[in-house]
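J.: Below is the file run_36.cif, which contains mmCIF, C-alpha atoms, pLDDT in the B column; chains and numbers go by the auth columns.
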data_my_file
loop_
_atom_site.group_PDB
_atom_site.id
_atom_site.type_symbol
_atom_site.label_atom_id
_atom_site.label_comp_id
_atom_site.label_asym_id
_atom_site.label_seq_id
_atom_site.Cartn_x
_atom_site.Cartn_y
_atom_site.Cartn_z
_atom_site.B_iso_or_equiv
_atom_site.auth_seq_id
_atom_site.auth_asym_id
ATOM 1 C CA MET A 1 103.042 154.912 82.397 72.00 1 A
ATOM 2 C CA ASP A 2 100.757 152.737 84.520 79.00 2 A
ATOM 3 C CA LEU A 3 98.452 150.730 82.296 81.00 3 A
ATOM 4 C CA ASP A 4 95.362 148.800 83.287 83.00 4 A
ATOM 5 C CA ARG A 5 96.124 145.539 81.477 78.00 5 A
ATOM 6 C CA SER A 6 92.587 144.269 82.106 83.00 6 A
ATOM 7 C CA ASN A 7 91.295 146.852 79.588 84.00 7 A
ATOM 8 C CA PRO A 8 92.418 147.486 75.993 86.00 8 A
ATOM 9 C CA VAL A 9 95.843 149.111 76.149 88.00 9 A
ATOM 10 C CA TRP A 10 95.901 151.192 72.955 88.00 10 A
ATOM 11 C CA PRO A 11 93.204 153.698 74.088 90.00 11 A
ATOM 12 C CA GLN A 12 95.201 154.237 77.267 90.00 12 A
ATOM 13 C CA VAL A 13 98.361 154.712 75.204 89.00 13 A
ATOM 14 C CA ALA A 14 96.558 157.233 72.966 90.00 14 A
ATOM 15 C CA ASP A 15 95.680 159.289 76.050 90.00 15 A
ATOM 16 C CA GLU A 16 99.343 160.105 76.741 87.00 16 A
ATOM 17 C CA PRO A 17 100.065 161.743 73.343 87.00 17 A
ATOM 18 C CA ARG A 18 96.654 163.442 73.561 89.00 18 A
ATOM 19 C CA ARG A 19 97.661 164.911 76.930 89.00 19 A
ATOM 20 C CA ARG A 20 101.001 166.073 75.540 86.00 20 A
ATOM 21 C CA LEU A 21 99.347 167.582 72.474 85.00 21 A
ATOM 22 C CA ASP A 22 96.820 169.428 74.655 86.00 22 A
ATOM 23 C CA ALA A 23 99.668 170.707 76.846 87.00 23 A
ATOM 24 C CA GLY A 24 101.484 172.018 73.761 81.00 24 A
ATOM 25 C CA GLU A 25 104.505 169.747 74.275 81.00 25 A
ATOM 26 C CA TRP A 26 104.286 168.646 70.624 75.00 26 A
ATOM 27 C CA ASN A 27 103.129 171.622 68.621 69.00 27 A
ATOM 28 C CA ALA A 28 103.428 171.634 64.812 66.00 28 A
ATOM 29 C CA GLU A 29 106.404 169.314 64.820 74.00 29 A
ATOM 30 C CA ARG A 30 107.279 165.773 63.902 80.00 30 A
ATOM 31 C CA PHE A 31 105.548 163.222 66.088 85.00 31 A
ATOM 32 C CA PRO A 32 107.894 160.700 67.725 89.00 32 A
ATOM 33 C CA ALA A 33 108.519 157.504 65.776 90.00 33 A
ATOM 34 C CA VAL A 34 106.298 154.570 66.706 92.00 34 A
ATOM 35 C CA ASN A 35 109.260 152.525 67.982 94.00 35 A
ATOM 36 C CA GLN A 36 110.574 155.455 70.022 93.00 36 A
ATOM 37 C CA LEU A 37 107.215 156.110 71.674 90.00 37 A
ATOM 38 C CA ALA A 38 106.658 152.377 72.245 93.00 38 A
ATOM 39 C CA ALA A 39 109.974 152.142 74.099 94.00 39 A
ATOM 40 C CA GLU A 40 109.194 155.265 76.133 91.00 40 A
ATOM 41 C CA LEU A 41 105.742 153.982 77.140 89.00 41 A
ATOM 42 C CA ASP A 42 106.921 150.360 77.526 90.00 42 A
ATOM 43 C CA VAL A 43 104.418 148.871 75.080 92.00 43 A
ATOM 44 C CA VAL A 44 104.753 147.057 71.755 93.00 44 A
ATOM 45 C CA PRO A 45 104.915 149.176 68.575 96.00 45 A
ATOM 46 C CA SER A 46 101.617 147.816 67.226 95.00 46 A
ATOM 47 C CA THR A 47 99.863 149.297 70.261 93.00 47 A
ATOM 48 C CA VAL A 48 101.345 152.727 69.532 93.00 48 A
ATOM 49 C CA GLN A 49 100.430 152.346 65.859 94.00 49 A
ATOM 50 C CA LYS A 50 96.763 151.879 66.820 94.00 50 A
ATOM 51 C CA ALA A 51 96.993 155.026 68.941 92.00 51 A
ATOM 52 C CA VAL A 52 98.527 156.943 66.005 91.00 52 A
ATOM 53 C CA VAL A 53 95.667 155.813 63.758 93.00 53 A
ATOM 54 C CA ALA A 54 93.166 157.070 66.349 93.00 54 A
ATOM 55 C CA LEU A 55 94.956 160.441 66.564 91.00 55 A
ATOM 56 C CA ARG A 56 94.939 160.708 62.754 92.00 56 A
ATOM 57 C CA GLU A 57 91.202 160.000 62.736 94.00 57 A
ATOM 58 C CA GLU A 58 90.792 162.795 65.291 91.00 58 A
ATOM 59 C CA VAL A 59 92.717 165.026 62.845 90.00 59 A
ATOM 60 C CA ARG A 60 95.414 165.673 65.463 89.00 60 A
ATOM 61 C CA LEU A 61 98.178 164.135 63.329 90.00 61 A
ATOM 62 C CA TYR A 62 98.853 163.637 59.663 90.00 62 A
ATOM 63 C CA THR A 63 101.253 161.180 58.082 89.00 63 A
ATOM 64 C CA VAL A 64 103.550 161.651 55.105 89.00 64 A
ATOM 65 C CA LEU A 65 104.526 158.318 53.593 90.00 65 A
ATOM 66 C CA GLY A 66 108.226 157.688 54.116 89.00 66 A
ATOM 67 C CA LYS A 67 108.619 160.765 56.341 88.00 67 A
ATOM 68 C CA GLY A 68 106.599 160.017 59.483 87.00 68 A
ATOM 69 C CA SER A 69 103.708 161.522 61.378 88.00 69 A
ATOM 70 C CA PHE A 70 103.406 165.190 62.192 89.00 70 A
ATOM 71 C CA VAL A 71 101.369 167.271 64.624 88.00 71 A
ATOM 72 C CA ARG A 72 98.715 169.501 63.083 83.00 72 A
ATOM 73 C CA ASP A 73 99.126 173.203 63.837 70.00 73 A
ATOM 74 C CA ALA A 74 95.735 173.370 65.515 49.00 74 A
ATOM 75 C CA PRO A 75 92.836 171.007 66.001 46.00 75 A
ATOM 76 C CA VAL A 76 90.707 170.762 62.866 47.00 76 A
ATOM 77 C CA ALA A 77 86.972 170.260 63.188 46.00 77 A
ATOM 78 C CA ARG A 78 85.649 167.116 61.539 49.00 78 A
ATOM 79 C CA THR A 79 82.446 167.351 59.540 46.00 79 A
#
Once you've parsed the file, please lay out its structure as structure tokens.

T.:
Amino acid sequence: MDLDRSNPVWPQVADEPRRRLDAGEWNAERFPAVNQLAAELDVVPSTVQKAVVALREEVRLYTVLGKGSFVRDAPVART
């Protein structure tokens, strides 16, 4: 993944899972572990964690304590 290091990295990192979610690559399954995705995208885990938080706020993921993050079945509208 080519990152523009002159801009904040975590929003760019969040775009990759967003793209994969939109493409249906991760559909109603366990989201990759933060460390796994960080290694794949060649960024530090805290950067991926910020992206995960953003995706949770968009209601694209949910997290179960001690189990990990999971993909929602379908996008849920926020009110």

J.: Given the choices A:Arg30, A:Arg5, A:Gln12, A:Glu25, which gets closest to Val48 (chain A) if the distance is worked out from only C-alpha atoms?

T.: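 Closest to Val48 (chain A), using only C-alpha atoms: A:Gln12.
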
J.: Tell me which protein, DNA and RNA residues are within 12 Å of Lys67 (chain A), counting all atoms listed in the file, leaving out same-chain ones fewer than 2 positions away, and put them as a count of residues only.

T.: 10

J.: Of the candidates A:Ala39, A:Arg72, A:Trp26, A:Trp10, which shows the shortest atom-to-atom distance to Arg56 (chain A), using only C-alpha atoms?

T.: A:Arg72

J.: So how many Å separate CA of Asp4 (chain A) and CA of Gly68 (chain A), to one decimal?

T.: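 The value is 28.6 Å.
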
J.: Run the PyMOL selection byres ((chain A and resi 40-44) around 12) mentally over the shown coordinates, then write out the matched residues as an MDAnalysis selection string, using the chain letters and numbers from the document.

T.: chainID A and resid 1:3 5 9:10 12:17 32:39 45:51

J.: Rounded to one decimal place, report the CA of Asn7 (chain A)-CA of Asp22 (chain A) distance in Å.

T.: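 Value for the CA of Asn7 (chain A)-CA of Asp22 (chain A) distance: 23.8 Å.
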
J.: Mind pulling up the distance from CA of Asp73 (chain A) to CA of Ala54 (chain A)?

T.: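 Interatomic distance, CA of Ala54 (chain A) to CA of Asp73 (chain A): 17.4 Å.
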